[in-house]
Structures are given as C-alpha cells and as structure tokens.
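Coordinates as given in input.cif (mmCIF, C-alpha atoms and all ligand atoms):
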```cif
data_query
loop_
_atom_site.label_atom_id
_atom_site.label_comp_id
_atom_site.auth_asym_id
_atom_site.auth_seq_id
_atom_site.Cartn_x
_atom_site.Cartn_y
_atom_site.Cartn_z
CA MET A 259 0.00 0.00 0.00
CA SER A 260 1.31 3.43 -0.93
CA LYS A 261 1.19 6.39 1.41
CA THR A 262 -1.95 8.52 1.48
CA ILE A 263 -1.42 12.26 1.35
CA LEU A 264 -4.06 14.02 3.43
CA PRO A 265 -5.48 17.57 3.15
CA GLY A 266 -3.13 20.12 4.67
CA ALA A 267 -0.25 18.75 2.59
CA THR A 268 1.18 20.65 -0.38
CA ILE A 269 0.64 19.65 -4.00
CA GLY A 270 3.04 20.99 -6.65
CA ILE A 271 1.70 21.31 -10.19
CA ILE A 272 4.00 21.69 -13.21
CA GLY A 273 2.07 23.85 -15.67
CA GLY A 274 -0.37 26.62 -14.85
CA GLY A 275 -2.98 26.65 -17.62
CA GLN A 276 -6.66 25.82 -17.31
CA LEU A 277 -6.02 22.15 -16.47
CA GLY A 278 -3.74 23.17 -13.61
CA GLN A 279 -6.31 25.75 -12.53
CA MET A 280 -9.13 23.21 -12.33
CA MET A 281 -6.83 20.74 -10.53
CA ALA A 282 -6.02 23.52 -8.07
CA PHE A 283 -9.74 24.30 -7.51
CA SER A 284 -10.30 20.63 -6.60
CA ALA A 285 -7.24 20.51 -4.34
CA LYS A 286 -8.06 23.78 -2.57
CA GLU A 287 -11.65 22.70 -1.99
CA MET A 288 -10.34 19.67 -0.12
CA GLY A 289 -7.86 21.72 1.94
CA TYR A 290 -4.56 21.04 0.18
CA LYS A 291 -2.00 23.78 -0.41
CA VAL A 292 -1.01 24.25 -4.05
CA ILE A 293 2.16 25.62 -5.65
CA ILE A 294 2.30 26.13 -9.42
CA LEU A 295 5.40 26.18 -11.62
CA ASP A 296 4.82 28.10 -14.85
CA PRO A 297 6.74 30.73 -16.86
CA THR A 298 3.79 33.17 -17.06
CA PRO A 299 3.35 35.27 -13.89
CA ASN A 300 -0.22 35.10 -12.56
CA CYS A 301 -1.11 32.28 -14.98
CA PRO A 302 -4.65 30.77 -14.66
CA ALA A 303 -3.64 28.15 -12.06
CA ALA A 304 -1.57 30.59 -9.99
CA GLN A 305 -4.62 32.87 -9.67
CA VAL A 306 -6.31 30.21 -7.51
CA SER A 307 -3.27 28.71 -5.75
CA ASP A 308 -1.13 29.49 -2.71
CA ASP A 309 2.05 30.29 -4.58
CA GLN A 310 3.79 30.24 -7.94
CA ILE A 311 7.37 29.61 -8.97
CA VAL A 312 7.81 31.60 -12.18
CA SER A 313 10.05 29.40 -14.28
CA ASP A 314 10.37 27.51 -17.55
CA TYR A 315 9.37 23.86 -17.38
CA ASP A 316 12.88 22.67 -18.14
CA ASP A 317 14.71 24.69 -15.45
CA LEU A 318 15.88 21.81 -13.28
CA ASP A 319 16.92 24.01 -10.33
CA LYS A 320 13.45 25.56 -10.14
CA LEU A 321 11.77 22.16 -10.52
CA ILE A 322 13.89 20.85 -7.63
CA GLU A 323 12.89 23.93 -5.59
CA LEU A 324 9.23 23.06 -6.27
CA ALA A 325 9.81 19.40 -5.42
CA LYS A 326 11.43 20.30 -2.09
CA ARG A 327 8.50 22.53 -1.17
CA CYS A 328 5.74 20.01 -1.85
CA ASP A 329 4.60 16.62 -0.54
CA VAL A 330 3.53 15.38 -3.94
CA LEU A 331 4.20 16.57 -7.48
CA THR A 332 1.95 16.33 -10.54
CA TYR A 333 1.80 17.84 -14.03
CA GLU A 334 -0.99 19.24 -16.20
CA PHE A 335 0.44 18.51 -19.65
CA GLU A 336 2.30 15.71 -21.37
CA ASN A 337 5.30 17.57 -22.70
CA VAL A 338 7.26 17.47 -19.45
CA ASP A 339 10.54 15.73 -20.02
CA ALA A 340 10.43 12.21 -18.52
CA GLU A 341 14.12 12.46 -17.53
CA THR A 342 13.44 15.69 -15.65
CA ILE A 343 10.69 13.95 -13.68
CA ASP A 344 13.11 11.11 -12.84
CA GLU A 345 15.52 13.72 -11.48
CA VAL A 346 12.98 15.52 -9.25
CA LYS A 347 11.65 12.18 -7.93
CA LYS A 348 14.66 12.23 -5.60
CA TYR A 349 13.10 15.12 -3.66
CA THR A 350 9.38 14.34 -3.48
CA GLN A 351 6.74 11.79 -4.46
CA VAL A 352 5.75 11.77 -8.13
CA PRO A 353 3.14 8.98 -8.01
CA GLN A 354 2.28 9.27 -11.72
CA GLY A 355 5.81 8.12 -12.56
CA THR A 356 7.02 8.43 -16.13
CA LYS A 357 5.68 5.35 -17.93
CA ALA A 358 2.42 6.90 -19.19
CA LEU A 359 4.25 10.15 -19.95
CA SER A 360 7.05 8.66 -22.02
CA ILE A 361 4.79 6.27 -23.97
CA THR A 362 2.24 8.94 -24.88
CA GLN A 363 4.78 11.63 -25.77
CA ASN A 364 5.42 9.87 -29.05
CA ARG A 365 2.61 8.87 -31.42
CA ILE A 366 4.50 5.77 -32.58
CA SER A 367 5.27 4.35 -29.13
CA GLU A 368 1.69 5.25 -28.14
CA LYS A 369 0.16 3.37 -31.09
CA ASN A 370 2.49 0.39 -30.59
CA PHE A 371 1.52 0.27 -26.93
CA ILE A 372 -2.20 0.37 -27.75
CA GLU A 373 -1.80 -2.43 -30.31
CA GLU A 374 0.30 -4.52 -27.91
CA SER A 375 -2.51 -4.10 -25.38
CA GLY A 376 -4.79 -5.75 -27.94
CA PHE A 377 -6.71 -2.76 -29.33
CA ALA A 378 -7.10 -1.37 -32.83
CA VAL A 379 -5.47 1.85 -34.04
CA VAL A 380 -5.96 3.54 -37.40
CA PRO A 381 -3.70 2.04 -40.13
CA HIS A 382 -0.55 4.16 -40.32
CA ILE A 383 3.03 4.08 -41.61
CA GLU A 384 6.11 5.75 -40.16
CA ILE A 385 8.02 8.03 -42.57
CA ASP A 386 11.35 9.87 -42.47
CA ASN A 387 11.45 11.39 -45.94
CA ILE A 388 9.31 12.36 -48.89
CA PHE A 389 10.05 9.07 -50.74
CA GLU A 390 8.67 7.09 -47.83
CA TYR A 391 5.71 9.45 -47.79
CA HIS A 392 4.86 8.57 -51.42
CA ARG A 393 5.23 4.86 -50.72
CA ALA A 394 2.99 5.16 -47.64
CA VAL A 395 0.24 7.00 -49.54
CA GLU A 396 0.37 4.33 -52.26
CA LYS A 397 0.01 1.60 -49.66
CA LEU A 398 -2.69 3.19 -47.49
CA GLY A 399 -4.61 4.95 -50.24
CA ALA A 400 -5.79 8.59 -50.01
CA PRO A 401 -7.15 10.43 -48.16
CA VAL A 402 -4.47 10.39 -45.46
CA ILE A 403 -3.28 12.66 -42.67
CA VAL A 404 0.42 13.33 -42.10
CA LYS A 405 1.19 13.91 -38.42
CA THR A 406 4.33 14.78 -36.48
CA ILE A 407 5.03 12.17 -33.82
CA ARG A 408 5.79 14.68 -31.06
CA GLY A 409 4.29 17.83 -29.61
CA GLY A 410 1.06 18.03 -31.70
CA TYR A 411 -2.16 19.36 -30.21
CA ASP A 412 -5.41 20.85 -31.55
CA GLY A 413 -4.45 19.54 -35.00
CA LYS A 414 -1.11 21.40 -34.99
CA GLY A 415 1.59 19.47 -36.84
CA GLN A 416 -0.93 17.76 -39.15
CA ILE A 417 -1.58 17.95 -42.89
CA LEU A 418 -4.65 16.46 -44.50
CA VAL A 419 -4.00 15.05 -47.96
CA ASP A 420 -7.27 14.49 -49.79
CA ASP A 421 -5.77 14.25 -53.25
CA PRO A 422 -2.12 13.13 -53.45
CA GLU A 423 -1.78 14.81 -56.88
CA LYS A 424 -2.58 18.20 -55.38
CA ALA A 425 -0.69 17.81 -52.08
CA CYS A 426 1.73 20.55 -51.12
CA PHE A 427 5.00 18.62 -50.82
CA ALA A 428 6.83 21.64 -49.41
CA ASP A 429 4.46 21.59 -46.40
CA ILE A 430 5.03 17.87 -45.90
CA GLU A 431 8.79 18.31 -46.19
CA ARG A 432 8.59 21.10 -43.63
CA LEU A 433 6.77 18.75 -41.24
CA LEU A 434 9.46 16.11 -41.87
CA MET A 435 12.17 18.62 -40.93
CA SER A 436 10.94 18.35 -37.33
CA GLY A 437 11.63 14.60 -37.38
CA THR A 438 9.87 11.32 -38.06
CA CYS A 439 6.17 11.59 -39.00
CA ILE A 440 3.37 9.14 -39.58
CA VAL A 441 1.01 8.87 -42.52
CA GLU A 442 -2.37 7.82 -41.19
CA LYS A 443 -5.41 6.66 -43.13
CA LYS A 444 -8.26 9.19 -42.84
CA ILE A 445 -11.25 7.43 -41.33
CA ASN A 446 -14.86 8.15 -42.28
CA LEU A 447 -16.07 9.12 -38.86
CA ARG A 448 -19.50 8.36 -37.47
CA LYS A 449 -18.52 9.73 -34.09
CA GLU A 450 -15.59 10.77 -31.96
CA VAL A 451 -15.80 9.81 -28.31
CA SER A 452 -13.53 9.80 -25.27
CA VAL A 453 -13.35 8.15 -21.89
CA VAL A 454 -11.74 9.54 -18.75
CA VAL A 455 -10.15 7.08 -16.33
CA SER A 456 -8.53 7.86 -12.99
CA ALA A 457 -6.59 5.66 -10.59
CA ASN A 458 -4.77 5.86 -7.29
CA SER A 459 -1.43 4.26 -6.39
CA ASP A 460 -3.19 1.27 -4.86
CA GLY A 461 -4.67 0.49 -8.29
CA GLN A 462 -8.28 1.48 -7.54
CA THR A 463 -9.89 3.06 -10.60
CA SER A 464 -12.79 5.39 -11.38
CA ILE A 465 -14.08 5.35 -14.94
CA PHE A 466 -16.32 8.14 -16.23
CA PRO A 467 -19.25 7.81 -18.64
CA VAL A 468 -18.28 7.95 -22.31
CA ILE A 469 -18.28 11.48 -23.80
CA GLU A 470 -19.13 12.39 -27.39
CA ASN A 471 -16.99 15.03 -29.09
CA VAL A 472 -17.38 17.38 -32.03
CA HIS A 473 -14.26 19.07 -33.43
CA ARG A 474 -14.06 22.16 -35.60
CA ASP A 475 -10.81 22.78 -37.47
CA ASN A 476 -9.34 19.92 -35.41
CA ILE A 477 -10.06 21.80 -32.16
CA LEU A 478 -12.60 20.40 -29.71
CA HIS A 479 -15.78 22.46 -30.07
CA LEU A 480 -18.46 20.60 -28.17
CA SER A 481 -18.72 17.58 -25.86
CA SER A 482 -21.81 15.83 -24.57
CA CYS A 483 -22.41 13.15 -22.02
CA PRO A 484 -23.52 10.40 -22.08
CA ALA A 485 -22.36 9.50 -25.58
CA LEU A 486 -25.14 8.07 -27.70
CA ILE A 487 -23.42 4.90 -28.88
CA SER A 488 -24.24 1.19 -29.01
CA GLN A 489 -23.98 -0.98 -25.90
CA LYS A 490 -21.31 -2.98 -27.70
CA SER A 491 -19.11 0.06 -28.43
CA GLN A 492 -19.60 1.29 -24.88
CA ALA A 493 -18.58 -2.05 -23.34
CA HIS A 494 -15.50 -2.13 -25.59
CA ILE A 495 -14.52 1.44 -24.65
CA TYR A 496 -14.77 0.67 -20.93
CA GLN A 497 -12.64 -2.42 -21.47
CA VAL A 498 -10.00 -0.33 -23.28
CA GLY A 499 -10.10 2.25 -20.47
CA GLU A 500 -9.61 -0.30 -17.68
CA GLN A 501 -6.95 -2.26 -19.56
CA LEU A 502 -4.87 0.73 -20.65
CA ALA A 503 -5.05 2.16 -17.12
CA ARG A 504 -3.59 -1.12 -15.82
CA ASN A 505 -0.95 -1.44 -18.54
CA LEU A 506 0.15 2.20 -18.13
CA GLU A 507 0.22 1.82 -14.33
CA LEU A 508 -1.99 4.88 -14.28
CA VAL A 509 -2.05 7.16 -11.25
CA GLY A 510 -4.17 10.32 -11.55
CA THR A 511 -6.41 11.05 -14.53
CA MET A 512 -6.01 10.21 -18.20
CA CYS A 513 -8.28 10.42 -21.21
CA ILE A 514 -8.47 8.12 -24.22
CA GLU A 515 -9.79 9.49 -27.54
CA PHE A 516 -11.57 7.12 -29.93
CA PHE A 517 -12.81 7.17 -33.51
CA ILE A 518 -15.98 5.27 -34.39
CA SER A 519 -16.07 4.77 -38.15
CA THR A 520 -19.16 4.72 -40.36
CA ASP A 521 -18.76 0.93 -40.49
CA ASP A 522 -18.82 0.84 -36.68
CA GLN A 523 -15.16 0.00 -36.08
CA VAL A 524 -13.80 1.47 -32.85
CA TYR A 525 -10.20 2.75 -33.07
CA VAL A 526 -8.14 4.20 -30.25
CA ASN A 527 -6.91 7.58 -31.53
CA GLU A 528 -4.68 8.84 -28.73
CA ILE A 529 -4.14 8.97 -24.99
CA ALA A 530 -3.71 12.12 -22.90
CA PRO A 531 -1.94 11.21 -19.62
CA ARG A 532 -3.77 14.03 -17.79
CA PRO A 533 -7.25 15.55 -17.47
CA HIS A 534 -8.69 16.43 -20.88
CA ASN A 535 -10.81 19.18 -22.42
CA SER A 536 -13.62 16.73 -23.19
CA GLY A 537 -13.78 15.84 -19.47
CA HIS A 538 -14.51 19.40 -18.30
CA LEU A 539 -18.22 18.63 -18.17
CA THR A 540 -17.54 16.07 -15.41
CA ILE A 541 -17.36 19.08 -13.03
CA GLU A 542 -21.13 19.46 -13.24
CA THR A 543 -22.38 16.21 -14.76
CA CYS A 544 -20.84 13.63 -12.35
CA ASN A 545 -20.58 13.04 -8.62
CA ILE A 546 -16.86 13.97 -8.79
CA SER A 547 -14.94 15.69 -11.60
CA GLN A 548 -11.93 14.45 -13.57
CA PHE A 549 -9.90 16.99 -11.56
CA ASP A 550 -11.20 15.77 -8.18
CA ALA A 551 -10.37 12.24 -9.35
CA HIS A 552 -6.88 13.36 -10.40
CA ILE A 553 -6.16 14.88 -6.99
CA ARG A 554 -7.62 11.83 -5.21
CA GLY A 555 -5.46 9.57 -7.40
CA VAL A 556 -2.13 11.33 -6.86
CA CYS A 557 -2.86 11.65 -3.13
CA ASN A 558 -3.85 7.95 -3.01
CA LEU A 559 -7.30 8.56 -1.55
CA ALA A 560 -10.05 5.96 -2.16
CA MET A 561 -11.53 6.21 -5.67
CA PRO A 562 -15.33 6.44 -5.83
CA LYS A 563 -17.67 4.81 -8.32
CA ILE A 564 -18.58 7.46 -10.86
CA GLU A 565 -22.23 8.38 -11.27
CA LEU A 566 -23.79 10.52 -13.96
CA LEU A 567 -26.01 13.01 -12.12
CA LYS A 568 -27.54 14.59 -15.20
CA PRO A 569 -26.67 14.66 -18.93
CA SER A 570 -24.79 17.71 -20.15
CA VAL A 571 -23.25 19.56 -23.07
CA MET A 572 -19.99 21.51 -22.90
CA VAL A 573 -18.95 24.07 -25.48
CA ASN A 574 -15.52 25.68 -25.66
CA LEU A 575 -14.98 29.42 -25.58
CA LEU A 576 -12.06 30.30 -27.85
CA GLY A 577 -10.48 33.75 -28.14
CA GLN A 578 -13.04 34.82 -30.75
CA HIS A 579 -15.99 33.69 -28.56
CA LEU A 580 -15.27 34.90 -25.04
CA GLU A 581 -16.38 38.53 -25.18
CA ASN A 582 -19.66 37.77 -26.95
CA ALA A 583 -20.39 34.96 -24.52
CA LYS A 584 -19.89 37.32 -21.57
CA LYS A 585 -22.33 39.76 -23.14
CA GLU A 586 -24.96 37.01 -23.28
CA LEU A 587 -24.24 35.52 -19.88
CA ASN A 588 -27.13 37.26 -18.21
CA GLN A 589 -29.63 35.80 -20.66
CA HIS A 590 -28.53 32.24 -19.77
CA PRO A 591 -29.02 31.28 -16.15
CA GLU A 592 -28.55 27.66 -17.28
CA TRP A 593 -24.90 28.27 -18.29
CA HIS A 594 -22.15 27.04 -15.98
CA PHE A 595 -19.66 29.63 -17.13
CA HIS A 596 -15.90 29.06 -16.86
CA ASP A 597 -13.42 31.81 -17.78
CA TYR A 598 -9.83 30.68 -17.16
CA GLY A 599 -8.58 34.25 -16.65
CA LYS A 600 -5.95 34.22 -19.40
CA ASP A 601 -4.40 37.62 -20.05
CA GLU A 602 -3.79 37.22 -23.74
CA VAL A 603 -6.84 36.68 -25.93
CA LYS A 604 -5.93 34.96 -29.20
CA HIS A 605 -7.94 33.50 -32.08
CA ASN A 606 -8.51 29.76 -31.45
CA ARG A 607 -6.95 29.93 -27.97
CA LYS A 608 -8.98 28.10 -25.33
CA MET A 609 -10.16 30.86 -22.97
CA GLY A 610 -13.03 29.18 -21.15
CA HIS A 611 -16.00 26.87 -21.56
CA ILE A 612 -19.70 26.61 -20.78
CA THR A 613 -21.45 23.50 -19.48
CA ILE A 614 -25.22 23.11 -19.65
CA LEU A 615 -27.05 20.38 -17.73
CA THR A 616 -29.99 19.15 -19.76
CA ASP A 617 -32.62 16.46 -20.18
CA ASP A 618 -32.56 16.97 -23.94
CA LEU A 619 -29.05 16.70 -25.40
CA GLU A 620 -30.17 17.22 -28.99
CA LYS A 621 -32.13 20.37 -28.22
CA THR A 622 -29.28 21.84 -26.19
CA LYS A 623 -26.77 21.08 -28.96
CA GLN A 624 -29.10 22.73 -31.45
CA SER A 625 -29.40 25.86 -29.33
CA ILE A 626 -25.59 26.10 -29.36
CA ASP A 627 -25.46 25.48 -33.12
CA GLN A 628 -27.94 28.30 -33.66
CA ASN A 629 -26.15 30.76 -31.39
CA LYS A 630 -24.08 33.28 -33.35
CA ILE A 631 -21.32 33.28 -30.68
CA TRP A 632 -19.90 30.10 -32.23
CA ASP A 633 -20.29 31.18 -35.87
CA VAL A 634 -16.73 32.56 -35.90
P1 LIG B 1 -4.28 16.25 -31.67
O1 LIG B 1 -3.04 15.78 -30.97
O2 LIG B 1 -4.11 17.52 -32.38
O3 LIG B 1 -5.53 16.16 -30.82
P2 LIG B 1 -5.52 14.10 -33.22
O4 LIG B 1 -4.77 12.98 -33.85
O5 LIG B 1 -6.41 13.77 -32.09
O6 LIG B 1 -4.42 15.18 -32.84
O7 LIG B 1 -6.33 14.85 -34.36
C1 LIG B 1 -7.19 15.95 -34.12
C2 LIG B 1 -8.52 15.74 -34.80
O8 LIG B 1 -8.35 15.57 -36.24
C3 LIG B 1 -9.25 14.47 -34.38
O9 LIG B 1 -9.98 14.67 -33.18
C4 LIG B 1 -10.14 14.21 -35.60
O10 LIG B 1 -11.27 15.08 -35.61
C5 LIG B 1 -9.23 14.59 -36.75
N1 LIG B 1 -8.47 13.38 -37.18
C6 LIG B 1 -7.22 13.06 -36.81
N2 LIG B 1 -6.82 11.90 -37.35
C7 LIG B 1 -7.85 11.44 -38.09
C8 LIG B 1 -8.05 10.27 -38.92
N3 LIG B 1 -7.11 9.36 -39.07
N4 LIG B 1 -9.24 10.14 -39.53
C9 LIG B 1 -10.22 11.07 -39.39
N5 LIG B 1 -10.08 12.20 -38.64
C10 LIG B 1 -8.91 12.39 -37.99
MG MG B 2 -6.64 14.57 -30.17
#
```
Turn the structure described in the file into structure tokens.
Amino acid sequence: MSKTILPGATIGIIGGGQLGQMMAFSAKEMGYKVIILDPTPNCPAAQVSDDQIVSDYDDLDKLIELAKRCDVLTYEFENVDAETIDEVKKYTQVPQGTKALSITQNRISEKNFIEESGFAVVPHIEIDNIFEYHRAVEKLGAPVIVKTIRGGYDGKGQILVDDPEKACFADIERLLMSGTCIVEKKINLRKEVSVVVSANSDGQTSIFPVIENVHRDNILHLSSCPALISQKSQAHIYQVGEQLARNLELVGTMCIEFFISTDDQVYVNEIAPRPHNSGHLTIETCNISQFDAHIRGVCNLAMPKIELLKPSVMVNLLGQHLENAKKELNQHPEWHFHDYGKDEVKHNRKMGHITILTDDLEKTKQSIDQNKIWDV
C-alpha cells in the first residue's frame, strides 16, 4: 500500500494553464496547499493557488525547488521531459511516474503500446522522408493525414491530404524537418468519443461515462455526455479504459480518444496522460470531476464509483468567442460559465467553456449550433 497524502499537505503542479487551474480548484476545496510552476506570472492556475514559482518547465533548479517545497508533485500537460521527472523524484513523491508520460509523448510508441494491449489503431506508416511518404500513400490509399510524432495538439503538426496529386510537398517536407512523421489513413467518422479514467497508487480506478466530441478545425468544439453509442461500443470502450489504465500503471487522470467509423469499427486515436478538455463537463455532470479524481489519485485517496447526475453539453470558448459569450451571460441562467482568466486573448486559444445540464441533449446542442457566438 502506498502512502496517502491528506489535506493540509502541499501539491506541486507543473504547468499553470486551465487544467492546472481546475486541478487547483479541486485541491483547494479539499484543503490542500497548491504551488504552481509556470513561466507566465499570474497564470490561470496561480490565480487560484497558494504560490507560484515563475520558471520555464525545463529549469531543473526551479523544478527541484518546487519538489522540495511540496509533498507530492503532478503535471498538467504531457510535454514534461520524462528524464526531468526522474531527477525531481529524488526530492518528493511523483506517483504518476514516467511510464504513461514517455509512452504517450510519441505517437508511434503510443500506437504500438495500444496495439500490444490488444486494441485497434488507425492504419498508419512511419516516414522519415518524402520518398517514404509517397510509398505510404500508395500503400494506405488517399485520403491520409500526415502527423508529427511529437508535440502536436489541436491539429497542430498535421496535414490532410485528400488528393495526393494536389498535395503541397513543401508543407510535408517542412513537417518532416521536425523529425519522423506518420502517414495515417483518414477514417470516415461516425462519431468521436472519449473516456476519462482515474486511478490511485493502490490500483483502484474510477471510470467516467463515455463522452461524445465534435471538433471544428481539429479543435474540440463541443462535448456531450452520455455518448449516444451502441452498448457494444460502450462495453468495448470501458474495457479499453480499464486495460490501458492497468498497462500504463496509471495514477491520476487520463483520457483516451476514440474514432468510431461509419462501419462501426472502434479505433483508439490517442491517450492524454492528464485531465482532458472533453472531461470538463464532469465538473457538473458527475458526482466527482476528472480533476477531483486526479487529486484523489495522486494523493492515493479511495476512488469512488462514478455516477452521472444529469446529462450535459460543454462548449468551448475560444479567443473569438469569449467577449460575446460574456455579453450574453445574463440571458442564460442555465450556463455554468468558466473563464480561465488568461491575459492574452488569441484567435482559437482556449479561454473558457460553458457547461449546460440538460434532459434533452439534442435540443441543447441545437441551441448552441444556432447561437451566433460560435459562428466565428
Ligand atoms: P491532436 O493531438 O491535435 O488532438 P488528433 O490525432 O487527435 O491530434 O487529431 C485531431 C482531430 O483531427 C481528431 O480529433 C479528428 O477530428 C481529426 N483526425 C485526426 N486523425 C484522423 C483520422 N485518421 N481520420 C479522421 N479524422 C482524424
Ligand atoms: Mg486529439
């Protein structure tokens, strides 16, 4: 049995964006102290925490300072260097370890791991140069998506190739300059869904109801819960969630993204070894949130059975949406409004989100579709 870290102790969080902020809300509510390490002074998480160390994520001295000041250390994003975590482990507990982090930092090791665990991924081929790209497209057949294997998010580092004759090779070569890429078959999607799983160090897990996701320009736009999928797909997704949590030796929260194709195949798309944008609605829709579950997991508290209290829809507020949404806030008492408090408003930057509890998912989604806030 691993040690339990009780309220009153200090939790260090590497990364101070909205995920760190919502982790900090959960931790503070329970009575933990929270210290954030992030390069931006007064970042979203620091606004709701006890203290911040203003530092880059790769400044080992500052990370060691954070480690020495806290009882347990966690991170809010997956691009923390696994070797850095191994170094700071000497000074404090890092119950998440580095296995999930290092596997999921690289699309190839992630896909291999998923396949070795017995689950399907989208057909793909690794490429290092433009010749291999051509061979891969020939083999897989267009349309395909070229993706960098590291550091991609919100569709960054991806090129869709619908027609290989018209593809912009310069763009693909530019992507290849950053290192190995994959060419992935483009799937005809019926639905995209995700599942959030959390675990503590003793191996107890909490698995959340499956969430349905709609992307716009490769950025998550809207999530709804529960996902309207077949019993068979749902049972499979839960099995994937439980199995990958075990195989990754999960501690804390992770999220698995899936594609369901028009011919009803379920593919694992990718794994985020941390709370996920699609799981934000768990704050209102479930008995505990993905952030509460994360804090419980890393502190090795008992993990509860997750219950869906009421169906919900979450819609993201990007830079171009936030101001208009604020103007309408007073007309929508049903909105659970979340503004992360980011200083810099940028087009397509995630600034906040709204969750709406509802008995009629379709109607609520329609009302969002018809609202001009999300037309831009
Ligand atoms: P990111 O790391 O940017 O989230 P993803 O691989 O999840 O990268 O791709 C982002 C989005 O692009 C997906 O949620 C999906 O909408 C679309 N997409 C990515 N790969 C495929 C694919 N093979 N087939 C169909 N759509 C895809
Ligand atoms: Mg994704």
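Residue neighbourhood of Ile612 in chain A, excluding near-sequence residues (fewer than 2 positions): Leu480, His538, Leu539, Val571, Met572, Val573, Asn574, Leu575, Ala583, Glu592, Trp593, His594, Phe595, His596, Asp597, Gly610 and Ile614 of chain A, at 10 Å, using only C-alpha atoms.
Considering all atoms listed in the file, the residue among A:Val453, A:Ala493, A:Val352, A:Ala325 positioned nearest to Lys261 in chain A is A:Val352.
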Name each residue within 10 Å of ligand LIG 1 (chain B), counting all atoms listed in the file, as a ChimeraX atom specification. /A:365,379-382,401-418,441-452,471-478,514-519,525-530
The residues within 8 Å of (-26.9, 10.4, -17.5), using only C-alpha atoms and the coordinates of the file, should be reported as a list of chain:residue names; which are they?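 The requested residues, written out, are A:Cys483, A:Pro484, A:Thr543, A:Leu566, A:Leu567, A:Lys568, A:Pro569.
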Considering only C-alpha atoms, state which residue in the set A:Ala285, A:Glu336, A:Leu619, A:Glu390 is at the smallest distance from Tyr315 in chain A.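 Using only C-alpha atoms, the shortest distance to Tyr315 in chain A belongs to A:Glu336.
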Residues within 7 Å of (-3.1, 13.7, -2.6), counting only C-alpha atoms, listed as number ranges by chain: A: 262-264, 330, 553-559
Measure the distance from CA of Leu434 in chain A to CA of Pro422 in chain A in Å and round it to one decimal. 16.6 Å
Starting from the incomplete input, reconstruct N, CA and C atoms of range 586-601 of chain A and report them as a PDB file, in the coordinates of the input.
```
ATOM      1  N   GLU A 586     -23.689  37.763 -23.326  1.00  0.00           N
ATOM      2  CA  GLU A 586     -24.960  37.010 -23.280  1.00  0.00           C
ATOM      3  C   GLU A 586     -25.184  36.276 -21.966  1.00  0.00           C
ATOM      4  N   LEU A 587     -24.186  36.331 -21.096  1.00  0.00           N
ATOM      5  CA  LEU A 587     -24.240  35.520 -19.880  1.00  0.00           C
ATOM      6  C   LEU A 587     -25.527  35.720 -19.092  1.00  0.00           C
ATOM      7  N   ASN A 588     -25.966  36.963 -19.031  1.00  0.00           N
ATOM      8  CA  ASN A 588     -27.130  37.260 -18.210  1.00  0.00           C
ATOM      9  C   ASN A 588     -28.452  36.770 -18.799  1.00  0.00           C
ATOM     10  N   GLN A 589     -28.415  36.373 -20.060  1.00  0.00           N
ATOM     11  CA  GLN A 589     -29.630  35.800 -20.660  1.00  0.00           C
ATOM     12  C   GLN A 589     -29.667  34.278 -20.475  1.00  0.00           C
ATOM     13  N   HIS A 590     -28.625  33.706 -19.852  1.00  0.00           N
ATOM     14  CA  HIS A 590     -28.530  32.240 -19.770  1.00  0.00           C
ATOM     15  C   HIS A 590     -28.233  31.756 -18.354  1.00  0.00           C
ATOM     16  N   PRO A 591     -29.259  31.775 -17.506  1.00  0.00           N
ATOM     17  CA  PRO A 591     -29.020  31.280 -16.150  1.00  0.00           C
ATOM     18  C   PRO A 591     -28.635  29.805 -16.124  1.00  0.00           C
ATOM     19  N   GLU A 592     -28.877  29.090 -17.241  1.00  0.00           N
ATOM     20  CA  GLU A 592     -28.550  27.660 -17.280  1.00  0.00           C
ATOM     21  C   GLU A 592     -27.062  27.408 -17.586  1.00  0.00           C
ATOM     22  N   TRP A 593     -26.317  28.452 -17.955  1.00  0.00           N
ATOM     23  CA  TRP A 593     -24.900  28.270 -18.290  1.00  0.00           C
ATOM     24  C   TRP A 593     -24.059  28.131 -17.018  1.00  0.00           C
ATOM     25  N   HIS A 594     -23.241  27.085 -16.968  1.00  0.00           N
ATOM     26  CA  HIS A 594     -22.150  27.040 -15.980  1.00  0.00           C
ATOM     27  C   HIS A 594     -20.943  27.616 -16.703  1.00  0.00           C
ATOM     28  N   PHE A 595     -20.625  28.843 -16.372  1.00  0.00           N
ATOM     29  CA  PHE A 595     -19.660  29.630 -17.130  1.00  0.00           C
ATOM     30  C   PHE A 595     -18.265  29.527 -16.515  1.00  0.00           C
ATOM     31  N   HIS A 596     -17.291  29.183 -17.341  1.00  0.00           N
ATOM     32  CA  HIS A 596     -15.900  29.060 -16.860  1.00  0.00           C
ATOM     33  C   HIS A 596     -15.008  29.945 -17.708  1.00  0.00           C
ATOM     34  N   ASP A 597     -14.393  30.954 -17.092  1.00  0.00           N
ATOM     35  CA  ASP A 597     -13.420  31.810 -17.780  1.00  0.00           C
ATOM     36  C   ASP A 597     -12.091  31.573 -17.055  1.00  0.00           C
ATOM     37  N   TYR A 598     -11.084  31.097 -17.805  1.00  0.00           N
ATOM     38  CA  TYR A 598      -9.830  30.680 -17.160  1.00  0.00           C
ATOM     39  C   TYR A 598      -8.971  31.864 -16.699  1.00  0.00           C
ATOM     40  N   GLY A 599      -9.334  33.076 -17.115  1.00  0.00           N
ATOM     41  CA  GLY A 599      -8.580  34.250 -16.650  1.00  0.00           C
ATOM     42  C   GLY A 599      -7.252  34.435 -17.369  1.00  0.00           C
ATOM     43  N   LYS A 600      -7.200  34.027 -18.649  1.00  0.00           N
ATOM     44  CA  LYS A 600      -5.950  34.220 -19.400  1.00  0.00           C
ATOM     45  C   LYS A 600      -5.831  35.678 -19.833  1.00  0.00           C
ATOM     46  N   ASP A 601      -4.625  36.225 -19.694  1.00  0.00           N
ATOM     47  CA  ASP A 601      -4.400  37.620 -20.050  1.00  0.00           C
ATOM     48  C   ASP A 601      -4.516  37.864 -21.540  1.00  0.00           C
TER      49      ASP A 601
END
```
